[in-house]
Amino acid sequence: MAITRRSFVCSLAACIPGALELLAVERKRSSTPNDDDLLIEVERRACRFFFEQTDPETGQVKDRARHSERDSHTISSIAATGFGLSAMCIAHQNRFLNPGEVRIRVERTLEFIAQRMPNEHGFFYHFIDMHTAARAFSSEVSSIDTAILLLGILHCRTYFEGDAKIAQLANDIYTRVDWKWMLNGGDTLDHGWKPEGGFLRYRWDSYSELTGMYLLAIGSPTHAIPASSWEAWSRPIFQYGDLRYISAPAPLFIHQSAHAWVDFRNQRDAHADYFQNSTIATIAHKRFCLGLHDRYPWFSNELWGITASDSEHGYVVWGGPPAMGPIDGTVVPCAAGGSLVFTPEDCRLVLKTIFDRYPRAWTRYGFVDAFNPKTGWYDSEVLGIDLGITLLMTENLRNRGVWKSFMRNREITRAMKAVGFRREKP
């Protein structure tokens, strides 16, 4: 029998002082995946969430769920369902789940959305009952959350290319969305609408996670808004030390969301290379976190990241720069997970550090939504949108999987051309 380092240590354990301790180290090493294996397992577990925590008949994904015990939540977020549809493409591609079951799940989800889910001019309520699609929390008909749902739907259309049923359902859902209505008489899209009071007071008129939504609206084959709307939202310049980039006082996720589907690499419009812009924003965020080291010593080159997430005291919109929210040393794994494509080595190191040093942060569905090393608090739940951004960015880092499929949507590439994107040399 071949002798390995592990078996050699085992054979000496009974007669050499300290050998048992060495064996314990070996066991830990053997159970700790390398970086690539960890990323694959992050994807596998996230796909498990999107399959298990979903109504199998409606396909609507829970907004949040407990990771360590039976979950009783019944509220779905349409954004989580958008990520969930892309998760099914990833699970099918990587054989994380049974391919036949995945295809059935996608078809049922699209069928429910197209034929049974309440909508207003094609837009959907932000939160709904996962079983009935009844409006929940008196939520708004949301433009941005409908857009995230559509991004997942169009991903399915191109990934399952050749499936006539999926293509037809996806087309029916997308072409029904009346983007002109959501302009509400202006040049920029409204945040949403409520039956009790009509359109909301706020507009998508400044840089944020809006880029994917505007491309969907401008590229629509039925209810397109003018390409000039791309120029109607502002792009504030933020300076952080020697870093200068387009940003807003908002969490890091605004620099991540659209990039999960739209491949902005090596191209720019008249204003910016948005991929490079998000890369700079990620670097700035890491520096911001390192600047908190005196108060929270665990923030370091190996461990950083704060974006909108759960906290010990409920959901919080926090982050920086500039500092926002009641920052208390909580670490949010999807901050690094959602920026994997921008600063790969830095972000991979963070995920590896969490896996190695904070075992309670690793669950059936991947990393907890947030945890606080000082207080020992670990979130008992995971959030669909936070698992989703980590999943899609991990897949893009590993093999550009989402980008390669999604960018075959002609409406998106046509919209990018219409608003002036041009290729640059890598």
# chains A, B, ... in the order shown; residues from 1 in each chain; ligands from 1
>>> closest_atom_pairs(of="segment 243-344 of chain A", to="segment 144-158 of chain A", cutoff="10 Å", atoms="only C-alpha atoms", output="tab-separated table")
residue	atom	partner	partner_atom	distance
A:Ser257	CA	A:Ile148	CA	8.5
A:Ala258	CA	A:Ile148	CA	8.2
A:Ala260	CA	A:Leu151	CA	9.4
A:Trp261	CA	A:Leu151	CA	6.9
A:Val262	CA	A:Leu151	CA	8.9
>>> write_last_selection(atoms="C-alpha atoms", output="PDB file, in the first residue's frame")
ATOM      1  CA  SER A 257     -25.607  44.329  -9.707  1.00  0.00           C
ATOM      2  CA  ALA A 258     -25.801  45.055 -13.440  1.00  0.00           C
ATOM      3  CA  ALA A 260     -23.554  40.172 -12.977  1.00  0.00           C
ATOM      4  CA  TRP A 261     -25.271  39.904 -16.379  1.00  0.00           C
ATOM      5  CA  VAL A 262     -23.977  42.691 -18.633  1.00  0.00           C
TER       6      VAL A 262
END
>>> residues_around(residues="Asp37 of chain A", least_positions_apart="3", cutoff="12 Å", atoms="only C-alpha atoms", output="PDB file with N, CA and C atoms, in the first residue's frame")
ATOM      1  N   SER A  31      -9.516  18.939   4.711  1.00  0.00           N
ATOM      2  CA  SER A  31     -10.921  19.334   4.621  1.00  0.00           C
ATOM      3  C   SER A  31     -11.098  20.768   4.141  1.00  0.00           C
ATOM      4  N   THR A  32      -9.985  21.466   3.959  1.00  0.00           N
ATOM      5  CA  THR A  32     -10.041  22.851   3.499  1.00  0.00           C
ATOM      6  C   THR A  32      -9.800  22.886   2.000  1.00  0.00           C
ATOM      7  N   PRO A  33     -10.766  23.314   1.195  1.00  0.00           N
ATOM      8  CA  PRO A  33     -10.577  23.301  -0.249  1.00  0.00           C
ATOM      9  C   PRO A  33      -9.586  24.358  -0.695  1.00  0.00           C
ATOM     10  N   ASN A  34      -8.968  24.120  -1.861  1.00  0.00           N
ATOM     11  CA  ASN A  34      -8.165  25.192  -2.425  1.00  0.00           C
ATOM     12  C   ASN A  34      -9.106  26.270  -2.962  1.00  0.00           C
ATOM     13  N   ILE A  40     -16.148  26.763  -6.412  1.00  0.00           N
ATOM     14  CA  ILE A  40     -17.118  25.809  -6.956  1.00  0.00           C
ATOM     15  C   ILE A  40     -18.145  25.440  -5.901  1.00  0.00           C
ATOM     16  N   GLU A  41     -17.683  25.235  -4.668  1.00  0.00           N
ATOM     17  CA  GLU A  41     -18.609  24.871  -3.593  1.00  0.00           C
ATOM     18  C   GLU A  41     -19.520  26.037  -3.223  1.00  0.00           C
ATOM     19  N   VAL A  42     -19.004  27.258  -3.300  1.00  0.00           N
ATOM     20  CA  VAL A  42     -19.858  28.434  -3.102  1.00  0.00           C
ATOM     21  C   VAL A  42     -21.001  28.410  -4.113  1.00  0.00           C
ATOM     22  N   GLU A  43     -20.682  28.127  -5.367  1.00  0.00           N
ATOM     23  CA  GLU A  43     -21.705  28.070  -6.404  1.00  0.00           C
ATOM     24  C   GLU A  43     -22.691  26.931  -6.158  1.00  0.00           C
ATOM     25  N   ARG A  44     -22.166  25.759  -5.837  1.00  0.00           N
ATOM     26  CA  ARG A  44     -23.029  24.595  -5.643  1.00  0.00           C
ATOM     27  C   ARG A  44     -24.044  24.852  -4.524  1.00  0.00           C
ATOM     28  N   ARG A 348     -11.041  36.834  -3.483  1.00  0.00           N
ATOM     29  CA  ARG A 348     -10.890  35.399  -3.195  1.00  0.00           C
ATOM     30  C   ARG A 348     -10.260  35.201  -1.818  1.00  0.00           C
ATOM     31  N   LEU A 351     -12.906  35.548   0.938  1.00  0.00           N
ATOM     32  CA  LEU A 351     -13.775  34.372   1.071  1.00  0.00           C
ATOM     33  C   LEU A 351     -13.025  33.204   1.695  1.00  0.00           C
ATOM     34  N   LYS A 352     -11.774  33.022   1.314  1.00  0.00           N
ATOM     35  CA  LYS A 352     -10.965  31.942   1.900  1.00  0.00           C
ATOM     36  C   LYS A 352     -10.741  32.194   3.383  1.00  0.00           C
ATOM     37  N   PHE A 355     -13.876  31.351   5.302  1.00  0.00           N
ATOM     38  CA  PHE A 355     -14.025  29.896   5.369  1.00  0.00           C
ATOM     39  C   PHE A 355     -13.070  29.277   6.388  1.00  0.00           C
ATOM     40  N   THR A 394     -19.145  34.748  -9.136  1.00  0.00           N
ATOM     41  CA  THR A 394     -18.216  33.619  -9.062  1.00  0.00           C
ATOM     42  C   THR A 394     -18.184  32.867 -10.382  1.00  0.00           C
ATOM     43  N   ARG A 398     -14.951  32.440 -12.859  1.00  0.00           N
ATOM     44  CA  ARG A 398     -14.432  31.115 -13.195  1.00  0.00           C
ATOM     45  C   ARG A 398     -14.410  30.865 -14.704  1.00  0.00           C
TER      46      ARG A 398
END
>>> residues_around(residues="Gly84 of chain A", least_positions_apart="2", cutoff="9 Å", atoms="only C-alpha atoms", output="VMD selection string")
chain A and resid 47 49 to 51 54 59 to 61 79 to 82 86 to 89 149 152 384 to 385 388
>>> residues_around(residues="Arg105 of chain A", least_positions_apart="4", cutoff="7 Å", atoms="only C-alpha atoms", output="list in words")
Pro56, Gly59, Glu101 and Thr109 of chain A
>>> closest_residue(among="A:Ala415, A:Ala323, A:Ile218, A:Val350", to="Gly291 of chain A", atoms="only C-alpha atoms")
A:Ala323
>>> select_by_dssp(residues="segment 141-365 of chain A", states="helix (DSSP H, G or I)", output="ChimeraX atom specification")
/A:143-159,164-176,179-182,211-219,229-232,252-255,257-260,274-290,333-337,344-357,359-361
>>> closest_residue(among="A:Asp294, A:Glu57, A:Asp369, A:Asp205", to="Pro236 of chain A", atoms="only C-alpha atoms")
A:Asp205
>>> select_by_dssp(residues="segment 236-292 of chain A", states="strand (DSSP E or B)", output="PyMOL selection string")
chain A and resi 237-240+243-246+267-268
>>> residues_around(residues="segment 117-122 of chain A", least_positions_apart="2", cutoff="8 Å", atoms="only C-alpha atoms", output="MDAnalysis selection string")
chainID A and resid 112:115 124:125 133:134 141 173:174 176:178 181
>>> atom_distance(atom1="atom CA of Asp63 of chain A", atom2="atom CA of Tyr365 of chain A")
13.8 Å
>>> residues_around(residues="Pro322 of chain A", least_positions_apart="5", cutoff="12 Å", atoms="only C-alpha atoms", output="PyMOL selection string")
chain A and resi 238-241+247-252+281+284-285+287-289+291+327
>>> write_last_selection(atoms="N, CA and C atoms", output="compact mmCIF listing (two decimals), in the first residue's frame")
# COMPACT_ATOMS: atom_id res chain seq x y z
N PHE A 238 -16.74 61.02 -7.53
CA PHE A 238 -16.38 60.92 -6.11
C PHE A 238 -14.87 60.77 -6.00
N GLN A 239 -14.27 61.48 -5.08
CA GLN A 239 -12.82 61.42 -4.86
C GLN A 239 -12.55 60.78 -3.51
N TYR A 240 -11.75 59.72 -3.51
CA TYR A 240 -11.36 59.07 -2.25
C TYR A 240 -9.85 58.88 -2.29
N GLY A 241 -9.14 59.75 -1.57
CA GLY A 241 -7.68 59.73 -1.67
C GLY A 241 -7.28 60.03 -3.10
N SER A 247 -19.71 57.60 -8.57
CA SER A 247 -20.30 56.87 -7.45
C SER A 247 -21.44 57.69 -6.86
N ALA A 248 -21.94 57.21 -5.74
CA ALA A 248 -23.02 57.86 -5.01
C ALA A 248 -22.91 57.42 -3.56
N PRO A 249 -23.50 58.17 -2.63
CA PRO A 249 -23.52 57.72 -1.23
C PRO A 249 -24.45 56.51 -1.10
N ALA A 250 -23.92 55.35 -1.36
CA ALA A 250 -24.72 54.13 -1.40
C ALA A 250 -23.81 52.93 -1.15
N PRO A 251 -24.38 51.78 -0.78
CA PRO A 251 -23.56 50.59 -0.52
C PRO A 251 -22.86 50.09 -1.79
N LEU A 252 -21.91 49.19 -1.59
CA LEU A 252 -21.09 48.69 -2.67
C LEU A 252 -21.91 47.99 -3.74
N ALA A 281 -14.06 51.41 -7.49
CA ALA A 281 -14.97 51.49 -6.34
C ALA A 281 -14.68 50.37 -5.34
N ALA A 284 -11.50 51.25 -3.51
CA ALA A 284 -11.80 52.29 -2.53
C ALA A 284 -12.50 51.71 -1.31
N HIS A 285 -13.43 50.78 -1.54
CA HIS A 285 -14.16 50.18 -0.42
C HIS A 285 -13.22 49.36 0.46
N ARG A 287 -10.03 49.93 0.92
CA ARG A 287 -9.24 50.91 1.69
C ARG A 287 -10.08 51.51 2.82
N PHE A 288 -11.35 51.77 2.53
CA PHE A 288 -12.24 52.30 3.55
C PHE A 288 -12.33 51.33 4.73
N CYS A 289 -12.50 50.05 4.44
CA CYS A 289 -12.59 49.05 5.51
C CYS A 289 -11.28 48.94 6.29
N GLY A 291 -9.31 51.25 6.83
CA GLY A 291 -9.26 52.43 7.68
C GLY A 291 -10.04 52.27 8.98
N ILE A 327 -22.18 51.41 11.30
CA ILE A 327 -21.10 50.42 11.15
C ILE A 327 -20.62 49.97 12.53
>>> residues_around(residues="Lys180 of chain A", least_positions_apart="4", cutoff="10 Å", atoms="only C-alpha atoms", output="list of chain:residue names")
A:His121, A:Asn184, A:Gly185, A:Gly186, A:Asp187, A:Thr188, A:Leu189, A:Ala217, A:Ile218, A:Thr222, A:His223, A:Ala224, A:Ile225, A:Pro226
>>> atom_distance(atom1="atom CA of Leu39 of chain A", atom2="atom CA of Glu395 of chain A")
8.5 Å
>>> atom_distance(atom1="atom CA of Glu411 of chain A", atom2="atom CA of Arg268 of chain A")
17.8 Å
>>> closest_residue(among="A:Val102, A:Lys417, A:Gln53, A:Leu169", to="Gln267 of chain A", atoms="only C-alpha atoms")
A:Lys417
